[in-house]
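For reference, upload-v1.pdb (PDB, C-alpha atoms, pLDDT in the B column):
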ATOM      1  CA  MET A  69     101.507  96.985  82.966  1.00 94.00           C
ATOM      2  CA  VAL A  70     100.915  94.573  85.851  1.00 93.00           C
ATOM      3  CA  THR A  71     101.208  95.727  89.462  1.00 92.00           C
ATOM      4  CA  VAL A  72     101.297  93.235  92.315  1.00 92.00           C
ATOM      5  CA  TYR A  73     100.503  93.830  95.986  1.00 92.00           C
ATOM      6  CA  VAL A  74     100.620  90.600  98.036  1.00 92.00           C
ATOM      7  CA  ASP A  75      97.951  88.522  96.249  1.00 88.00           C
ATOM      8  CA  ASP A  76      96.202  91.332  94.365  1.00 91.00           C
ATOM      9  CA  LEU A  77      96.942  92.144  90.723  1.00 92.00           C
ATOM     10  CA  LEU A  78      96.108  95.273  88.766  1.00 93.00           C
ATOM     11  CA  ILE A  79      96.485  95.072  84.979  1.00 94.00           C
ATOM     12  CA  ALA A  80      96.451  98.118  82.698  1.00 91.00           C
ATOM     13  CA  THR A  81      96.542  98.012  78.903  1.00 93.00           C
ATOM     14  CA  ASN A  82      94.964  99.584  75.821  1.00 90.00           C
ATOM     15  CA  ASP A  83      94.926  96.222  74.018  1.00 94.00           C
ATOM     16  CA  LYS A  84      91.918  94.059  74.968  1.00 92.00           C
ATOM     17  CA  LYS A  85      93.257  91.035  73.082  1.00 95.00           C
ATOM     18  CA  LEU A  86      96.533  91.189  74.996  1.00 95.00           C
ATOM     19  CA  LEU A  87      94.592  91.660  78.239  1.00 94.00           C
ATOM     20  CA  ASN A  88      92.652  88.456  77.673  1.00 93.00           C
ATOM     21  CA  GLN A  89      95.843  86.575  76.811  1.00 94.00           C
ATOM     22  CA  ILE A  90      97.502  87.726  80.032  1.00 93.00           C
ATOM     23  CA  LYS A  91      94.470  86.767  82.127  1.00 93.00           C
ATOM     24  CA  LYS A  92      94.320  83.330  80.493  1.00 93.00           C
ATOM     25  CA  SER A  93      98.023  82.722  81.009  1.00 93.00           C
ATOM     26  CA  LEU A  94      97.860  83.731  84.670  1.00 92.00           C
ATOM     27  CA  ALA A  95      94.742  81.637  85.288  1.00 92.00           C
ATOM     28  CA  GLU A  96      96.485  78.558  83.841  1.00 92.00           C
ATOM     29  CA  THR A  97      99.379  78.967  86.270  1.00 91.00           C
ATOM     30  CA  PHE A  98      97.731  80.372  89.407  1.00 90.00           C
ATOM     31  CA  GLU A  99      94.382  80.087  91.136  1.00 91.00           C
ATOM     32  CA  MET A 100      92.955  83.458  90.192  1.00 89.00           C
ATOM     33  CA  LYS A 101      89.591  85.240  90.357  1.00 90.00           C
ATOM     34  CA  ASP A 102      88.833  87.892  87.744  1.00 91.00           C
ATOM     35  CA  LEU A 103      87.016  90.798  89.420  1.00 90.00           C
ATOM     36  CA  GLY A 104      86.582  92.788  86.203  1.00 89.00           C
ATOM     37  CA  LYS A 105      87.178  96.531  86.027  1.00 90.00           C
ATOM     38  CA  VAL A 106      89.007  97.866  89.054  1.00 93.00           C
ATOM     39  CA  SER A 107      86.831  99.643  91.615  1.00 93.00           C
ATOM     40  CA  LYS A 108      89.094  99.475  94.675  1.00 93.00           C
ATOM     41  CA  TYR A 109      92.770  98.627  95.075  1.00 92.00           C
ATOM     42  CA  VAL A 110      95.011  98.991  98.182  1.00 92.00           C
ATOM     43  CA  GLY A 111      92.539 101.432  99.708  1.00 91.00           C
ATOM     44  CA  ILE A 112      92.204 103.556  96.561  1.00 95.00           C
ATOM     45  CA  GLU A 113      88.798 103.849  94.878  1.00 97.00           C
ATOM     46  CA  PHE A 114      88.605 103.994  91.085  1.00 96.00           C
ATOM     47  CA  LYS A 115      85.821 105.312  88.839  1.00 95.00           C
ATOM     48  CA  GLN A 116      86.114 104.868  85.082  1.00 92.00           C
ATOM     49  CA  ASP A 117      84.065 106.776  82.528  1.00 92.00           C
ATOM     50  CA  MET A 118      85.158 105.289  79.223  1.00 86.00           C
ATOM     51  CA  LYS A 119      82.735 107.409  77.164  1.00 89.00           C
ATOM     52  CA  GLN A 120      84.320 110.650  78.342  1.00 90.00           C
ATOM     53  CA  GLY A 121      87.771 109.111  78.743  1.00 90.00           C
ATOM     54  CA  LYS A 122      88.013 109.855  82.465  1.00 94.00           C
ATOM     55  CA  ILE A 123      89.488 107.968  85.392  1.00 95.00           C
ATOM     56  CA  THR A 124      88.956 109.313  88.910  1.00 97.00           C
ATOM     57  CA  ILE A 125      90.738 108.070  92.022  1.00 97.00           C
ATOM     58  CA  ASN A 126      90.122 108.998  95.647  1.00 97.00           C
ATOM     59  CA  GLN A 127      90.230 107.515  99.148  1.00 98.00           C
ATOM     60  CA  LYS A 128      86.866 108.415 100.633  1.00 97.00           C
ATOM     61  CA  GLU A 129      86.446 105.160 102.561  1.00 97.00           C
ATOM     62  CA  TYR A 130      89.979 105.381 103.915  1.00 97.00           C
ATOM     63  CA  ILE A 131      89.427 108.974 105.086  1.00 98.00           C
ATOM     64  CA  GLU A 132      86.203 107.907 106.798  1.00 98.00           C
ATOM     65  CA  SER A 133      88.056 105.138 108.620  1.00 97.00           C
ATOM     66  CA  VAL A 134      90.802 107.541 109.740  1.00 98.00           C
ATOM     67  CA  LEU A 135      88.238 110.067 110.994  1.00 98.00           C
ATOM     68  CA  LYS A 136      86.502 107.327 112.963  1.00 97.00           C
ATOM     69  CA  ARG A 137      89.785 105.953 114.290  1.00 97.00           C
ATOM     70  CA  PHE A 138      90.682 109.322 115.818  1.00 97.00           C
ATOM     71  CA  ASP A 139      87.106 110.114 116.909  1.00 97.00           C
ATOM     72  CA  MET A 140      86.768 112.978 114.419  1.00 97.00           C
ATOM     73  CA  GLN A 141      83.902 111.648 112.289  1.00 96.00           C
ATOM     74  CA  ASN A 142      81.571 114.369 113.594  1.00 96.00           C
ATOM     75  CA  CYS A 143      84.114 117.210 113.546  1.00 96.00           C
ATOM     76  CA  LYS A 144      83.419 120.628 112.045  1.00 96.00           C
ATOM     77  CA  PRO A 145      85.040 120.911 108.573  1.00 97.00           C
ATOM     78  CA  THR A 146      87.554 123.631 107.731  1.00 96.00           C
ATOM     79  CA  THR A 147      88.535 125.025 104.340  1.00 96.00           C
ATOM     80  CA  THR A 148      92.325 124.874 104.779  1.00 97.00           C
ATOM     81  CA  PRO A 149      94.555 122.091 106.155  1.00 97.00           C
ATOM     82  CA  MET A 150      96.801 124.485 108.103  1.00 95.00           C
ATOM     83  CA  GLU A 151      96.593 127.926 109.671  1.00 92.00           C
ATOM     84  CA  LEU A 152      98.245 130.701 107.694  1.00 86.00           C
ATOM     85  CA  GLN A 153     101.777 131.480 108.943  1.00 81.00           C
ATOM     86  CA  ILE A 154     101.489 128.934 111.738  1.00 87.00           C
ATOM     87  CA  LYS A 155     104.414 128.971 114.166  1.00 86.00           C
ATOM     88  CA  LEU A 156     105.270 125.610 115.678  1.00 90.00           C
ATOM     89  CA  GLU A 157     108.527 124.681 117.359  1.00 90.00           C
ATOM     90  CA  LYS A 158     109.761 121.591 119.152  1.00 90.00           C
ATOM     91  CA  PRO A 159     109.537 121.783 122.964  1.00 91.00           C
ATOM     92  CA  SER A 160     112.896 122.296 124.688  1.00 89.00           C
ATOM     93  CA  LYS A 161     112.896 118.599 125.541  1.00 92.00           C
ATOM     94  CA  PRO A 162     110.462 115.690 125.009  1.00 93.00           C
ATOM     95  CA  ASP A 163     107.873 115.165 127.738  1.00 94.00           C
ATOM     96  CA  PRO A 164     106.841 111.467 127.680  1.00 93.00           C
ATOM     97  CA  GLU A 165     103.774 112.084 129.861  1.00 94.00           C
ATOM     98  CA  VAL A 166     102.427 114.733 127.504  1.00 94.00           C
ATOM     99  CA  MET A 167     103.292 112.740 124.372  1.00 95.00           C
ATOM    100  CA  GLN A 168     101.491 109.637 125.664  1.00 95.00           C
ATOM    101  CA  LYS A 169      98.226 111.601 125.700  1.00 95.00           C
ATOM    102  CA  TYR A 170      98.182 112.061 121.939  1.00 97.00           C
ATOM    103  CA  PRO A 171      98.508 109.392 119.170  1.00 97.00           C
ATOM    104  CA  TYR A 172     100.381 111.954 117.081  1.00 97.00           C
ATOM    105  CA  GLN A 173     102.727 109.585 115.247  1.00 97.00           C
ATOM    106  CA  SER A 174      99.869 107.249 114.324  1.00 97.00           C
ATOM    107  CA  LEU A 175      97.877 110.138 112.862  1.00 98.00           C
ATOM    108  CA  ILE A 176     100.811 111.454 110.820  1.00 98.00           C
ATOM    109  CA  GLY A 177     101.436 107.942 109.483  1.00 97.00           C
ATOM    110  CA  ALA A 178      97.778 107.566 108.481  1.00 97.00           C
ATOM    111  CA  LEU A 179      97.840 110.934 106.721  1.00 98.00           C
ATOM    112  CA  MET A 180     101.073 110.072 104.913  1.00 97.00           C
ATOM    113  CA  TYR A 181      99.308 107.209 103.122  1.00 97.00           C
ATOM    114  CA  LEU A 182      96.856 109.747 101.698  1.00 97.00           C
ATOM    115  CA  VAL A 183      99.686 112.071 100.670  1.00 97.00           C
ATOM    116  CA  VAL A 184     101.531 109.486  98.585  1.00 96.00           C
ATOM    117  CA  ASN A 185      98.415 108.206  96.804  1.00 96.00           C
ATOM    118  CA  THR A 186      95.679 110.730  96.044  1.00 97.00           C
ATOM    119  CA  ARG A 187      95.983 113.916  98.123  1.00 97.00           C
ATOM    120  CA  PRO A 188      98.881 116.165  97.087  1.00 97.00           C
ATOM    121  CA  ASP A 189      96.960 119.080  98.622  1.00 96.00           C
ATOM    122  CA  ILE A 190      98.000 117.957 102.121  1.00 97.00           C
ATOM    123  CA  ALA A 191     101.600 117.061 101.219  1.00 96.00           C
ATOM    124  CA  TYR A 192     103.112 120.211 102.718  1.00 95.00           C
ATOM    125  CA  PRO A 193     101.244 120.310 106.065  1.00 96.00           C
ATOM    126  CA  VAL A 194     101.786 116.579 106.673  1.00 97.00           C
ATOM    127  CA  ASN A 195     105.506 116.860 105.856  1.00 95.00           C
ATOM    128  CA  PHE A 196     105.799 119.947 108.046  1.00 94.00           C
ATOM    129  CA  LEU A 197     104.153 118.246 111.028  1.00 96.00           C
ATOM    130  CA  SER A 198     106.102 115.005 110.574  1.00 95.00           C
ATOM    131  CA  GLN A 199     109.298 116.724 111.767  1.00 93.00           C
ATOM    132  CA  PHE A 200     107.776 116.781 115.266  1.00 95.00           C
ATOM    133  CA  ASN A 201     107.171 113.027 115.445  1.00 95.00           C
ATOM    134  CA  SER A 202     109.731 112.564 118.214  1.00 94.00           C
ATOM    135  CA  ASN A 203     108.899 115.684 120.217  1.00 95.00           C
ATOM    136  CA  TYR A 204     105.400 117.173 120.256  1.00 96.00           C
ATOM    137  CA  ASN A 205     102.737 118.597 122.541  1.00 96.00           C
ATOM    138  CA  ALA A 206      99.081 119.669 122.495  1.00 96.00           C
ATOM    139  CA  LYS A 207      99.689 122.460 119.953  1.00 96.00           C
ATOM    140  CA  HIS A 208     101.111 120.027 117.415  1.00 97.00           C
ATOM    141  CA  TRP A 209      98.226 117.634 118.047  1.00 97.00           C
ATOM    142  CA  GLN A 210      95.688 120.390 117.372  1.00 97.00           C
ATOM    143  CA  ALA A 211      97.482 121.290 114.136  1.00 97.00           C
ATOM    144  CA  ALA A 212      97.372 117.651 113.018  1.00 97.00           C
ATOM    145  CA  LYS A 213      93.665 117.373 113.842  1.00 98.00           C
ATOM    146  CA  ARG A 214      93.010 120.440 111.689  1.00 98.00           C
ATOM    147  CA  ILE A 215      94.102 118.360 108.672  1.00 98.00           C
ATOM    148  CA  LEU A 216      91.397 115.844 109.613  1.00 98.00           C
ATOM    149  CA  ARG A 217      88.848 118.664 109.722  1.00 98.00           C
ATOM    150  CA  TYR A 218      89.996 119.733 106.253  1.00 98.00           C
ATOM    151  CA  LEU A 219      89.658 116.161 104.969  1.00 98.00           C
ATOM    152  CA  LYS A 220      86.166 115.988 106.454  1.00 97.00           C
ATOM    153  CA  GLY A 221      85.131 118.890 104.235  1.00 97.00           C
ATOM    154  CA  THR A 222      86.934 117.610 101.132  1.00 97.00           C
ATOM    155  CA  ILE A 223      86.305 113.897 101.541  1.00 97.00           C
ATOM    156  CA  ASN A 224      85.105 113.447  97.943  1.00 96.00           C
ATOM    157  CA  GLN A 225      88.114 115.138  96.376  1.00 96.00           C
ATOM    158  CA  GLY A 226      90.705 113.131  94.482  1.00 96.00           C
ATOM    159  CA  LEU A 227      92.546 113.065  91.174  1.00 98.00           C
ATOM    160  CA  GLN A 228      90.765 112.965  87.826  1.00 97.00           C
ATOM    161  CA  TYR A 229      92.633 112.012  84.661  1.00 97.00           C
ATOM    162  CA  LYS A 230      91.170 112.738  81.240  1.00 95.00           C
ATOM    163  CA  LYS A 231      92.482 112.114  77.736  1.00 89.00           C
ATOM    164  CA  SER A 232      94.353 115.181  76.557  1.00 89.00           C
ATOM    165  CA  ASN A 233      96.871 116.304  73.966  1.00 90.00           C
ATOM    166  CA  VAL A 234      98.703 118.420  76.552  1.00 94.00           C
ATOM    167  CA  PRO A 235     102.199 116.941  77.124  1.00 95.00           C
ATOM    168  CA  LEU A 236     103.618 116.162  80.549  1.00 95.00           C
ATOM    169  CA  TYR A 237     104.683 119.319  82.398  1.00 96.00           C
ATOM    170  CA  GLY A 238     105.916 120.204  85.852  1.00 97.00           C
ATOM    171  CA  VAL A 239     105.601 123.075  88.313  1.00 97.00           C
ATOM    172  CA  VAL A 240     108.024 123.898  91.123  1.00 97.00           C
ATOM    173  CA  ASP A 241     108.303 126.539  93.842  1.00 96.00           C
ATOM    174  CA  ALA A 242     110.143 127.301  97.079  1.00 95.00           C
ATOM    175  CA  ASP A 243     109.993 129.644 100.038  1.00 91.00           C
ATOM    176  CA  TRP A 244     113.066 131.001 101.812  1.00 91.00           C
ATOM    177  CA  GLY A 245     114.142 130.263 105.371  1.00 88.00           C
ATOM    178  CA  SER A 246     110.641 129.791 106.743  1.00 83.00           C
ATOM    179  CA  ASP A 247     111.526 127.209 109.394  1.00 81.00           C
ATOM    180  CA  LEU A 248     111.847 129.015 112.714  1.00 76.00           C
ATOM    181  CA  THR A 249     114.272 126.479 114.173  1.00 80.00           C
ATOM    182  CA  ASP A 250     116.933 125.914 111.534  1.00 86.00           C
ATOM    183  CA  ARG A 251     115.975 128.483 108.870  1.00 90.00           C
ATOM    184  CA  ARG A 252     115.920 125.886 106.139  1.00 92.00           C
ATOM    185  CA  SER A 253     113.588 126.487 103.206  1.00 94.00           C
ATOM    186  CA  TYR A 254     110.738 124.356 101.912  1.00 93.00           C
ATOM    187  CA  SER A 255     110.291 123.380  98.298  1.00 95.00           C
ATOM    188  CA  GLY A 256     107.779 121.412  96.313  1.00 95.00           C
ATOM    189  CA  PHE A 257     107.043 120.195  92.816  1.00 97.00           C
ATOM    190  CA  SER A 258     104.314 118.414  90.900  1.00 97.00           C
ATOM    191  CA  PHE A 259     104.183 116.857  87.460  1.00 97.00           C
ATOM    192  CA  ILE A 260     100.882 116.946  85.586  1.00 97.00           C
ATOM    193  CA  MET A 261      99.667 114.584  82.876  1.00 96.00           C
ATOM    194  CA  SER A 262      96.138 114.103  81.513  1.00 96.00           C
ATOM    195  CA  GLY A 263      94.850 116.874  83.727  1.00 95.00           C
ATOM    196  CA  ALA A 264      96.076 115.739  87.154  1.00 97.00           C
ATOM    197  CA  ALA A 265      99.235 115.149  89.147  1.00 97.00           C
ATOM    198  CA  ILE A 266     101.096 111.879  88.658  1.00 96.00           C
ATOM    199  CA  THR A 267     104.001 112.629  91.020  1.00 97.00           C
ATOM    200  CA  TRP A 268     104.581 115.306  93.650  1.00 97.00           C
ATOM    201  CA  GLU A 269     106.711 116.227  96.644  1.00 96.00           C
ATOM    202  CA  ALA A 270     106.811 118.852  99.387  1.00 95.00           C
ATOM    203  CA  CYS A 271     109.769 118.778 101.750  1.00 92.00           C
ATOM    204  CA  LYS A 272     112.313 120.775 103.698  1.00 93.00           C
ATOM    205  CA  GLN A 273     115.552 121.441 101.850  1.00 93.00           C
ATOM    206  CA  ARG A 274     118.675 119.656 103.089  1.00 91.00           C
ATOM    207  CA  THR A 275     120.850 122.767 103.359  1.00 92.00           C
ATOM    208  CA  VAL A 276     120.331 126.365 104.448  1.00 94.00           C
ATOM    209  CA  ALA A 277     119.864 128.651 101.433  1.00 94.00           C
ATOM    210  CA  LEU A 278     121.623 132.015 101.704  1.00 94.00           C
ATOM    211  CA  SER A 279     119.177 133.759  99.372  1.00 95.00           C
ATOM    212  CA  SER A 280     115.767 133.280  97.795  1.00 94.00           C
ATOM    213  CA  THR A 281     117.531 132.643  94.477  1.00 95.00           C
ATOM    214  CA  GLU A 282     119.511 129.796  96.038  1.00 96.00           C
ATOM    215  CA  ALA A 283     116.349 128.332  97.563  1.00 95.00           C
ATOM    216  CA  GLU A 284     114.669 128.379  94.138  1.00 96.00           C
ATOM    217  CA  LEU A 285     117.751 126.788  92.550  1.00 96.00           C
ATOM    218  CA  LEU A 286     117.733 123.925  95.067  1.00 95.00           C
ATOM    219  CA  ALA A 287     114.020 123.407  94.447  1.00 96.00           C
ATOM    220  CA  ILE A 288     114.306 123.300  90.674  1.00 96.00           C
ATOM    221  CA  THR A 289     117.287 120.928  90.951  1.00 96.00           C
ATOM    222  CA  ASP A 290     115.106 118.354  92.734  1.00 94.00           C
ATOM    223  CA  ALA A 291     112.342 118.902  90.174  1.00 96.00           C
ATOM    224  CA  VAL A 292     114.734 118.340  87.259  1.00 96.00           C
ATOM    225  CA  LYS A 293     115.891 115.068  88.842  1.00 95.00           C
ATOM    226  CA  GLU A 294     112.283 113.930  88.955  1.00 95.00           C
ATOM    227  CA  ALA A 295     111.698 115.113  85.386  1.00 95.00           C
ATOM    228  CA  LEU A 296     114.646 113.095  84.126  1.00 94.00           C
ATOM    229  CA  TYR A 297     113.433 110.040  86.036  1.00 91.00           C
TER     230      TYR A 297
END
Can you give me the file's structure in the form of structure tokens?
Amino acid sequence: MVTVYVDDLLIATNDKKLLNQIKKSLAETFEMKDLGKVSKYVGIEFKQDMKQGKITINQKEYIESVLKRFDMQNCKPTTTPMELQIKLEKPSKPDPEVMQKYPYQSLIGALMYLVVNTRPDIAYPVNFLSQFNSNYNAKHWQAAKRILRYLKGTINQGLQYKKSNVPLYGVVDADWGSDLTDRRSYSGFSFIMSGAAITWEACKQRTVALSSTEAELLAITDAVKEALY
């Protein structure tokens, strides 16, 4: 498997002979520098323990840069990314003067990059807060900064994959009508392989479920689509 991002390549294989052939072929065609085992790629840090068959990925440096960017590097850590049963609603109409005070959209965008790469634990709160990108106030800003406080206390966390005989499996769940504005439900799923998640999602459902059973059915439908993929 060869992944390409601009001028960076990441090659993965269990055949060392094939690996060397690919490197040689690429080097003959392009000007290329072999950096050896991957340690960092597109902001993701890799640690490989071949003796124990483990690969760990996290984004500690990226989190540190985000904390510094939003002047939260010295914040007090918290143990959860969101308050329990938090109630946030959009203001009756956007207030440009208030919104200019807070770089809310920039923060949500920075957090989203963590969500899609190594931090499924903040997928729900980031998705929940992203629905206020076009209309927010100080309360929404404080809720977003709480995620930074959570990341401060869990900065070393990531995903660790280890050789295992356990086959790929998925988990899925949903609530029912929790959104105060439109009463749509939230659902989420995650698929686990080699001891950690390889794909995940947490999002608001597209339609209003008329019962908890219907909400669960919509959630498992999305999960089955991902399973088939």
Exercise: region 70-86 of chain A partners within 10 Å, all atoms listed in the file, chain neighbours under 6 positions left out, as a PyMOL selection string | chain A and resi 92+100-102+105-106+109-110
Name the residues captured by the PyMOL selection byres ((chain A and resi 169-176) around 9) when it is applied to the shown file; answer as a list in words.
-> Val134, Phe138, Pro164, Glu165, Val166, Met167, Gln168, Gly177, Ala178, Leu179, Met180, Tyr181, Val194, Asn195, Leu197, Ser198, Phe200, Asn201, Ser202, Tyr204, Asn205, Ala206, His208, Trp209, Ala212 and Lys213 of chain A
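Closest to Ala295 (chain A) among A:Ser279, A:Gln127, A:Ala264, A:Ser258 is A:Ser258, based on all atoms listed in the file.
Residues with any atom within 8 Å of Lys122 (chain A), counting all atoms listed in the file and excluding same-chain neighbours fewer than 3 positions away, are Gln116, Asp117, Met118, Lys119, Gln228, Tyr229, Lys230 and Lys231 of chain A.
With all atoms listed in the file taken into account, the protein and nucleic acid residues at most 9 Å from Leu135 (chain A) (excluding it and anything under 4 positions from it in its own chain) are Tyr130, Ile131, Asp139, Met140, Gln141, Asn142, Cys143, Leu216, Arg217, Leu219 and Lys220 of chain A.
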